[in-house]
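> See input_15.txt below, with compact mmCIF, C-alpha atoms and all ligand atoms.
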```txt
# COMPACT_ATOMS: atom_id res chain seq x y z
CA MET A 1 20.77 39.16 37.80
CA ASN A 2 17.64 37.00 37.77
CA GLN A 3 14.28 38.54 36.89
CA PRO A 4 12.74 40.08 40.02
CA THR A 5 10.45 37.65 41.82
CA ASP A 6 6.91 38.62 42.74
CA LYS A 7 7.53 37.46 46.30
CA PRO A 8 8.95 39.95 48.81
CA THR A 9 12.47 39.28 50.01
CA ALA A 10 14.06 39.88 53.40
CA ILE A 11 17.71 39.73 54.44
CA ILE A 12 18.06 38.85 58.11
CA THR A 13 21.46 39.19 59.74
CA GLY A 14 22.21 37.16 62.84
CA ALA A 15 19.80 34.47 61.61
CA SER A 16 21.72 31.57 63.16
CA SER A 17 20.15 32.01 66.60
CA GLY A 18 17.86 34.01 68.86
CA ILE A 19 15.87 36.94 67.53
CA GLY A 20 17.20 36.65 63.97
CA GLU A 21 16.43 32.95 63.70
CA ALA A 22 12.90 33.54 64.97
CA ALA A 23 12.47 36.51 62.62
CA ALA A 24 13.50 34.35 59.66
CA ARG A 25 10.78 31.83 60.55
CA VAL A 26 8.15 34.55 60.92
CA PHE A 27 8.96 36.27 57.62
CA ALA A 28 9.16 32.94 55.78
CA ARG A 29 5.80 31.86 57.21
CA ARG A 30 4.25 35.10 55.95
CA GLY A 31 5.42 34.51 52.37
CA TYR A 32 8.81 36.25 52.31
CA ARG A 33 11.86 34.75 50.68
CA VAL A 34 14.49 34.97 53.40
CA ALA A 35 18.26 35.38 53.00
CA LEU A 36 19.87 34.03 56.16
CA ALA A 37 23.14 35.71 57.16
CA ALA A 38 25.51 34.93 60.05
CA ARG A 39 28.85 33.16 60.45
CA ARG A 40 27.69 29.66 61.51
CA ARG A 41 26.85 28.09 58.17
CA GLU A 42 25.58 24.78 59.59
CA ARG A 43 22.99 26.56 61.75
CA LEU A 44 21.81 28.55 58.73
CA GLU A 45 21.60 25.39 56.60
CA ALA A 46 19.48 23.66 59.24
CA LEU A 47 17.14 26.66 59.45
CA ALA A 48 16.91 26.90 55.65
CA ASP A 49 16.01 23.17 55.47
CA GLU A 50 13.29 23.69 58.06
CA ILE A 51 11.86 26.68 56.17
CA ARG A 52 11.91 24.83 52.85
CA ALA A 53 10.26 21.77 54.43
CA ALA A 54 7.44 24.07 55.55
CA GLY A 55 7.01 25.34 51.96
CA GLY A 56 9.07 28.53 52.27
CA GLU A 57 12.14 29.77 50.39
CA ALA A 58 15.47 30.44 52.04
CA LEU A 59 18.95 31.32 50.89
CA VAL A 60 22.00 30.66 53.06
CA VAL A 61 24.50 33.51 52.88
CA PRO A 62 27.31 32.89 55.38
CA THR A 63 28.49 36.37 56.33
CA ASP A 64 30.71 37.99 58.91
CA VAL A 65 29.12 41.44 59.18
CA SER A 66 32.32 42.89 60.63
CA ASP A 67 33.81 42.55 57.13
CA ALA A 68 32.61 45.30 54.78
CA GLN A 69 33.30 43.26 51.65
CA ALA A 70 31.39 40.26 53.03
CA VAL A 71 28.39 42.50 53.67
CA GLU A 72 28.47 43.74 50.06
CA THR A 73 28.62 40.13 48.90
CA MET A 74 25.66 39.21 51.13
CA VAL A 75 23.51 41.84 49.43
CA GLN A 76 24.72 41.05 45.91
CA THR A 77 24.19 37.31 46.41
CA THR A 78 20.58 37.97 47.44
CA LEU A 79 20.00 40.24 44.45
CA ASP A 80 21.58 37.69 42.11
CA ALA A 81 19.28 35.00 43.44
CA TRP A 82 16.00 36.88 43.70
CA GLY A 83 16.39 40.28 42.06
CA ARG A 84 14.87 42.28 44.89
CA ILE A 85 15.28 43.18 48.55
CA ASP A 86 12.26 44.53 50.40
CA VAL A 87 13.36 44.22 54.00
CA LEU A 88 16.68 44.27 55.83
CA VAL A 89 16.57 43.16 59.46
CA ASN A 90 19.88 44.45 60.77
CA ASN A 91 19.99 42.20 63.81
CA ALA A 92 23.48 40.61 64.18
CA GLY A 93 25.10 41.76 67.38
CA PHE A 94 26.57 40.81 70.73
CA GLY A 95 27.62 42.35 74.01
CA ARG A 96 30.65 41.90 76.22
CA LEU A 97 29.43 42.97 79.63
CA ARG A 98 32.50 43.43 81.81
CA TRP A 99 34.01 46.49 83.44
CA LEU A 100 35.72 48.61 80.81
CA GLU A 101 39.25 48.06 82.13
CA ASN A 102 38.72 44.30 81.76
CA LEU A 103 37.67 44.43 78.12
CA HIS A 104 40.24 43.56 75.49
CA PRO A 105 40.81 46.50 73.12
CA LEU A 106 40.40 44.42 69.97
CA ASP A 107 38.54 41.21 70.86
CA ASP A 108 35.90 42.94 72.98
CA ILE A 109 35.84 46.66 72.21
CA GLU A 110 36.68 46.87 68.53
CA ALA A 111 34.79 43.65 67.79
CA GLN A 112 31.55 45.02 69.30
CA VAL A 113 31.90 48.27 67.38
CA ARG A 114 32.56 46.42 64.13
CA VAL A 115 29.60 44.04 64.44
CA ASN A 116 27.01 46.18 66.25
CA VAL A 117 27.72 49.51 64.54
CA LEU A 118 29.75 49.15 61.35
CA GLY A 119 27.97 45.95 60.33
CA VAL A 120 24.62 47.72 60.65
CA MET A 121 25.84 50.74 58.68
CA TRP A 122 27.47 48.68 55.94
CA ALA A 123 24.41 46.50 55.43
CA ALA A 124 22.06 49.49 55.26
CA ARG A 125 24.38 51.26 52.84
CA ALA A 126 24.58 48.19 50.63
CA VAL A 127 20.80 47.66 50.28
CA LEU A 128 19.93 51.34 49.85
CA PRO A 129 20.74 51.91 46.17
CA HIS A 130 18.40 49.04 45.35
CA MET A 131 15.62 50.20 47.71
CA ILE A 132 15.90 53.79 46.46
CA GLU A 133 15.67 52.60 42.86
CA GLN A 134 12.58 50.50 43.55
CA ARG A 135 11.12 53.36 45.66
CA ARG A 136 10.28 50.91 48.42
CA GLY A 137 11.92 49.08 51.26
CA HIS A 138 12.22 48.77 55.00
CA ILE A 139 15.31 48.63 57.17
CA VAL A 140 14.80 47.52 60.78
CA ASN A 141 17.82 48.16 62.97
CA VAL A 142 17.89 46.12 66.15
CA SER A 143 19.28 48.28 68.94
CA SER A 144 18.34 47.63 72.59
CA VAL A 145 16.99 49.44 75.64
CA ALA A 146 20.75 49.86 76.18
CA GLY A 147 20.47 52.29 73.26
CA TRP A 148 18.46 54.57 75.58
CA LEU A 149 19.80 53.69 79.02
CA ALA A 150 23.52 53.39 79.76
CA ALA A 151 24.09 51.01 82.66
CA PRO A 152 27.32 50.09 84.47
CA GLY A 153 28.95 47.08 82.81
CA TYR A 154 27.46 48.08 79.46
CA THR A 155 29.91 50.79 78.40
CA ILE A 156 30.82 49.59 74.92
CA TYR A 157 27.60 47.69 74.28
CA SER A 158 25.54 50.75 75.19
CA ALA A 159 27.77 52.99 73.09
CA THR A 160 27.18 50.76 70.08
CA LYS A 161 23.43 50.66 70.63
CA PHE A 162 23.25 54.47 71.14
CA ALA A 163 25.16 54.71 67.84
CA VAL A 164 22.60 52.49 66.12
CA ARG A 165 19.84 54.79 67.40
CA GLY A 166 21.53 57.94 66.04
CA PHE A 167 22.22 56.22 62.74
CA THR A 168 18.62 55.01 62.48
CA GLU A 169 17.11 58.44 63.19
CA ALA A 170 19.33 60.24 60.67
CA LEU A 171 18.98 57.61 57.97
CA ARG A 172 15.17 57.71 58.22
CA ARG A 173 15.29 61.43 57.50
CA GLU A 174 17.54 60.82 54.50
CA VAL A 175 15.59 58.14 52.73
CA SER A 176 11.89 58.47 53.62
CA VAL A 177 11.45 60.69 50.53
CA PHE A 178 12.10 57.56 48.45
CA GLY A 179 9.47 55.47 50.23
CA VAL A 180 12.13 53.64 52.25
CA HIS A 181 11.23 53.12 55.93
CA VAL A 182 13.86 52.95 58.65
CA SER A 183 12.81 51.68 62.08
CA GLY A 184 14.62 51.26 65.37
CA PHE A 185 13.80 48.28 67.58
CA TYR A 186 14.75 48.61 71.27
CA PRO A 187 14.07 45.39 73.17
CA GLY A 188 14.78 44.75 76.83
CA PRO A 189 15.86 41.27 77.95
CA VAL A 190 15.12 38.48 75.47
CA ALA A 191 15.74 34.77 76.14
CA THR A 192 18.40 33.92 73.52
CA GLU A 193 22.04 32.85 73.41
CA PHE A 194 23.06 36.47 74.03
CA GLY A 195 24.02 35.68 77.64
CA GLU A 196 26.46 32.98 76.52
CA HIS A 197 28.67 35.54 74.77
CA ILE A 198 28.84 38.31 77.37
CA GLY A 199 32.23 37.13 78.63
CA SER A 200 31.13 37.17 82.25
CA LYS A 201 29.59 34.70 84.66
CA ARG A 202 27.59 37.50 86.23
CA LYS A 203 24.14 37.06 84.72
CA ALA A 204 21.17 39.00 85.94
CA LYS A 205 18.54 36.59 87.20
CA MET A 206 15.21 37.92 86.09
CA PRO A 207 11.76 36.56 86.69
CA ASP A 208 10.27 34.97 83.56
CA TRP A 209 7.62 37.66 83.15
CA MET A 210 10.37 40.26 82.59
CA VAL A 211 12.00 38.38 79.73
CA LEU A 212 10.63 38.37 76.18
CA THR A 213 10.89 35.32 73.95
CA SER A 214 12.65 35.52 70.60
CA GLU A 215 9.32 34.55 68.96
CA GLN A 216 7.58 37.55 70.55
CA THR A 217 10.29 39.95 69.38
CA ALA A 218 10.27 38.41 65.89
CA GLU A 219 6.53 39.06 65.61
CA MET A 220 7.11 42.63 66.74
CA ILE A 221 9.74 43.13 64.03
CA TYR A 222 7.35 41.71 61.44
CA ARG A 223 4.59 44.06 62.61
CA MET A 224 6.97 47.04 62.34
CA VAL A 225 7.29 46.17 58.67
CA THR A 226 3.60 45.55 57.92
CA ARG A 227 2.55 48.64 59.88
CA PRO A 228 5.61 50.86 59.63
CA ARG A 229 6.58 52.77 62.74
CA ARG A 230 9.65 54.80 63.61
CA SER A 231 10.57 53.01 66.75
CA LEU A 232 9.46 50.37 69.21
CA THR A 233 10.72 49.92 72.77
CA VAL A 234 9.60 46.80 74.62
CA PRO A 235 8.53 45.56 77.09
CA TRP A 236 6.26 48.42 78.16
CA TRP A 237 7.57 48.56 81.74
CA PHE A 238 10.88 49.93 80.49
CA LEU A 239 9.16 53.14 79.36
CA PRO A 240 8.80 54.73 82.83
CA ILE A 241 12.40 53.69 83.63
CA LEU A 242 13.66 55.39 80.46
CA TRP A 243 11.51 58.44 81.20
CA PHE A 244 12.98 58.65 84.71
CA ASN A 245 16.53 58.25 83.35
CA SER A 246 16.17 61.02 80.77
CA HIS A 247 14.36 63.49 83.10
CA PHE A 248 16.38 62.83 86.27
CA PRO A 249 19.86 61.82 85.08
CA ALA A 250 21.62 62.74 88.33
CA LEU A 251 19.16 60.73 90.37
CA SER A 252 19.51 57.88 87.93
CA ASP A 253 23.32 58.03 88.36
CA TRP A 254 22.84 57.83 92.12
CA VAL A 255 20.41 54.90 92.03
CA GLN A 256 22.60 52.82 89.71
CA THR A 257 25.80 53.62 91.58
CA ARG A 258 24.32 53.12 95.04
CA PHE A 259 22.33 49.94 94.39
CA TYR A 260 24.39 48.30 91.66
CA THR A 261 27.99 49.42 91.15
CA ARG A 262 28.84 49.94 94.83
CA ARG A 263 27.53 46.53 95.80
CA LEU A 264 29.48 44.78 93.05
CA ARG A 265 32.70 46.78 93.04
CA LEU A 266 33.31 47.84 96.65
CA ARG A 267 32.57 44.67 98.53
N1 LIG B 301 18.92 38.98 74.05
C1 LIG B 301 18.73 40.17 74.55
O1 LIG B 301 18.45 40.30 75.77
C2 LIG B 301 18.82 41.39 73.68
C3 LIG B 301 18.26 42.58 74.17
C4 LIG B 301 18.32 43.72 73.39
C5 LIG B 301 18.90 43.67 72.14
N2 LIG B 301 19.44 42.51 71.68
C6 LIG B 301 20.06 42.52 70.36
O2 LIG B 301 19.40 41.59 69.54
C7 LIG B 301 20.28 41.17 68.50
C8 LIG B 301 20.23 39.65 68.40
O3 LIG B 301 20.75 39.09 69.58
P1 LIG B 301 20.15 37.76 70.24
O4 LIG B 301 19.62 38.14 71.56
O5 LIG B 301 19.27 37.06 69.30
O6 LIG B 301 21.52 36.96 70.53
P2 LIG B 301 22.11 35.61 69.92
O7 LIG B 301 21.14 34.50 70.07
O8 LIG B 301 23.46 35.47 70.50
O9 LIG B 301 22.22 35.94 68.36
C9 LIG B 301 23.19 36.82 67.85
C10 LIG B 301 23.29 36.62 66.35
O10 LIG B 301 24.25 37.55 65.83
C11 LIG B 301 25.13 36.84 64.98
N3 LIG B 301 26.44 37.44 64.90
C12 LIG B 301 27.30 37.74 65.91
N4 LIG B 301 28.46 38.21 65.42
C13 LIG B 301 28.33 38.20 64.06
C14 LIG B 301 29.18 38.55 62.98
N5 LIG B 301 30.43 39.02 63.18
N6 LIG B 301 28.71 38.42 61.71
C15 LIG B 301 27.46 37.94 61.48
N7 LIG B 301 26.62 37.60 62.46
C16 LIG B 301 27.05 37.71 63.73
C17 LIG B 301 25.21 35.42 65.57
O11 LIG B 301 25.55 34.50 64.54
P3 LIG B 301 26.98 33.78 64.34
O12 LIG B 301 27.60 33.60 65.67
O13 LIG B 301 26.62 32.50 63.67
O14 LIG B 301 27.75 34.69 63.43
C18 LIG B 301 23.76 35.22 65.98
O15 LIG B 301 23.00 34.77 64.89
C19 LIG B 301 21.65 41.74 68.84
O16 LIG B 301 21.89 42.88 68.08
C20 LIG B 301 21.52 42.11 70.32
O17 LIG B 301 22.39 43.14 70.67
C21 LIG B 301 19.40 41.36 72.43
```
Could you write out this structure as structure tokens?

Amino acid sequence: MNQPTDKPTAIITGASSGIGEAAARVFARRGYRVALAARRRERLEALADEIRAAGGEALVVPTDVSDAQAVETMVQTTLDAWGRIDVLVNNAGFGRLRWLENLHPLDDIEAQVRVNVLGVMWAARAVLPHMIEQRRGHIVNVSSVAGWLAAPGYTIYSATKFAVRGFTEALRREVSVFGVHVSGFYPGPVATEFGEHIGSKRKAKMPDWMVLTSEQTAEMIYRMVTRPRRSLTVPWWFLPILWFNSHFPALSDWVQTRFYTRRLRLR
């Protein structure tokens, strides 16, 4: 292993597009060395070139987070290169938003669980021995408002994001004694390539003001690290909706069934 660098180091999964790509730029701009992980190597190379051209440092670590061994290698490669890991942004994920009976058991259901849940758990597990030893570190797990609110069409996606929330809460209570922070990030709609992978033509058309940009969410993730907080749910207007859902679940069932499911499924 190389001698530890004096610069902080962040691993960002899902760095080839969307929130992860924007987060890599933000961390690099603020002086972090960034390890870029995702499957599409050419996208990561292009981002790394851009970061280096701007004076930053980036390492391309092509990784399929649904493969436990690949996740171990991602962490070890970063340690071999830079000798330290200060931040893990556990961001890689996708959703297949079709009715449950139309989801393929392996390609849609198992694949979402492997990437969104197991990938997050494996990556956190792999960086922890190092963070515990250095008595410092921050893991940011990217869940979703779907980790609080289960909507029709989101069965498996929501299940994975609820799982990330449970994992995040328990892990924080395990490792805070070592100075390791664990935060949950719960964004609503963000303008990224997410919608291209949902496996459905049915896309919700939302006014622009309702949709966050990946740059905004990347700044929020960065701020969660500089000013550690347990959890952040954005945008703000989701908070009353989540409050209503948790306090009036039966009414929430009725509203979603009456105004959403019935219209789509019984026409
Ligand atoms: N966009 C939204 O509205 C929204 C809202 C709430 C939460 N989120 C969450 O935010 C996170 C980022 O999504 P995004 O919106 O930025 O979507 P995106 O633009 O589609 O980015 C998803 C990223 O995940 C990576 N990824 C997917 N499968 C992977 C695998 N098996 N191994 C490694 N990387 C993988 C993709 O890279 P490769 O394809 O190159 O592997 C890509 O970099 C996800 O966890 C998503 O659930 C998104």
> Find the spatial neighbours of Arg41 of chain A, counting all atoms listed in the file, within a cut-off of 12 Å - ignore same-chain residues fewer than 4 positions away - and output them as a list in words.
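The residues satisfying every condition are Gly14, Ala15, Ser16, Ser17, Leu36, Ala37, Glu45, Ala46, Leu47, Ala48, Leu59, Val60, Val61, Pro62, Thr63 and Asp64 of chain A.
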> List as a JSON list (two decimals) with C-alpha atoms, keeping the file's coordinate frame the protein and nucleic acid residues near Leu103 of chain A, meaning an atom at most 12 Å away when all atoms listed in the file are counted, but skip any in the same chain fewer than 3 places from it.

```json
[["chain", "number", "residue", "atom", "x", "y", "z"],
["A", 95, "GLY", "CA", 27.62, 42.35, 74.01],
["A", 96, "ARG", "CA", 30.65, 41.90, 76.22],
["A", 97, "LEU", "CA", 29.43, 42.97, 79.63],
["A", 98, "ARG", "CA", 32.50, 43.43, 81.81],
["A", 99, "TRP", "CA", 34.01, 46.49, 83.44],
["A", 100, "LEU", "CA", 35.72, 48.61, 80.81],
["A", 106, "LEU", "CA", 40.40, 44.42, 69.97],
["A", 107, "ASP", "CA", 38.54, 41.21, 70.86],
["A", 108, "ASP", "CA", 35.90, 42.94, 72.98],
["A", 109, "ILE", "CA", 35.84, 46.66, 72.21],
["A", 110, "GLU", "CA", 36.68, 46.87, 68.53],
["A", 111, "ALA", "CA", 34.79, 43.65, 67.79],
["A", 112, "GLN", "CA", 31.55, 45.02, 69.30],
["A", 153, "GLY", "CA", 28.95, 47.08, 82.81],
["A", 154, "TYR", "CA", 27.46, 48.08, 79.46],
["A", 155, "THR", "CA", 29.91, 50.79, 78.40],
["A", 156, "ILE", "CA", 30.82, 49.59, 74.92],
["A", 157, "TYR", "CA", 27.60, 47.69, 74.28],
["A", 198, "ILE", "CA", 28.84, 38.31, 77.37],
["A", 199, "GLY", "CA", 32.23, 37.13, 78.63],
["A", 200, "SER", "CA", 31.13, 37.17, 82.25]]
```
> With distances taken over only C-alpha atoms and all ligand atoms, which of A:Ala163, A:Ile139, A:Val211, A:Val225 is nearest to ligand LIG 301 (chain B)?
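The answer is A:Val211, which sits nearest to ligand LIG 301 (chain B).
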> Give me the residues within 12 Å of Pro207 of chain A as an MDAnalysis selection string, counting all atoms listed in the file and dropping any in the same chain fewer than 3 places off.
chainID A and resid 189:191 204 210:212
> Would you save the residues from that selection as a short mmCIF file (atom, residue, chain, number, x, y, z; two decimals), in the coordinates of the input, using C-alpha atoms?

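Printed below is selection-v1.cif as written:
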```
data_model
loop_
_atom_site.label_atom_id
_atom_site.label_comp_id
_atom_site.auth_asym_id
_atom_site.auth_seq_id
_atom_site.Cartn_x
_atom_site.Cartn_y
_atom_site.Cartn_z
CA PRO A 189 15.86 41.27 77.95
CA VAL A 190 15.12 38.48 75.47
CA ALA A 191 15.74 34.77 76.14
CA ALA A 204 21.17 39.00 85.94
CA MET A 210 10.37 40.26 82.59
CA VAL A 211 12.00 38.38 79.73
CA LEU A 212 10.63 38.37 76.18
#
```
> Counting all atoms listed in the file, what are the residues, protein, DNA or RNA alike, that approach ligand LIG 301 (chain B) to within 6 Å? I want them as number ranges by chain.
A: 14-20, 38-40, 63-66, 91-94, 115, 142-144, 187-194
> Do you have the atom CA of Ala151 of chain A-atom CA of Ala170 of chain A distance handy?
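Straight-line distance from atom CA of Ala151 of chain A to atom CA of Ala170 of chain A works out to 24.3 Å.
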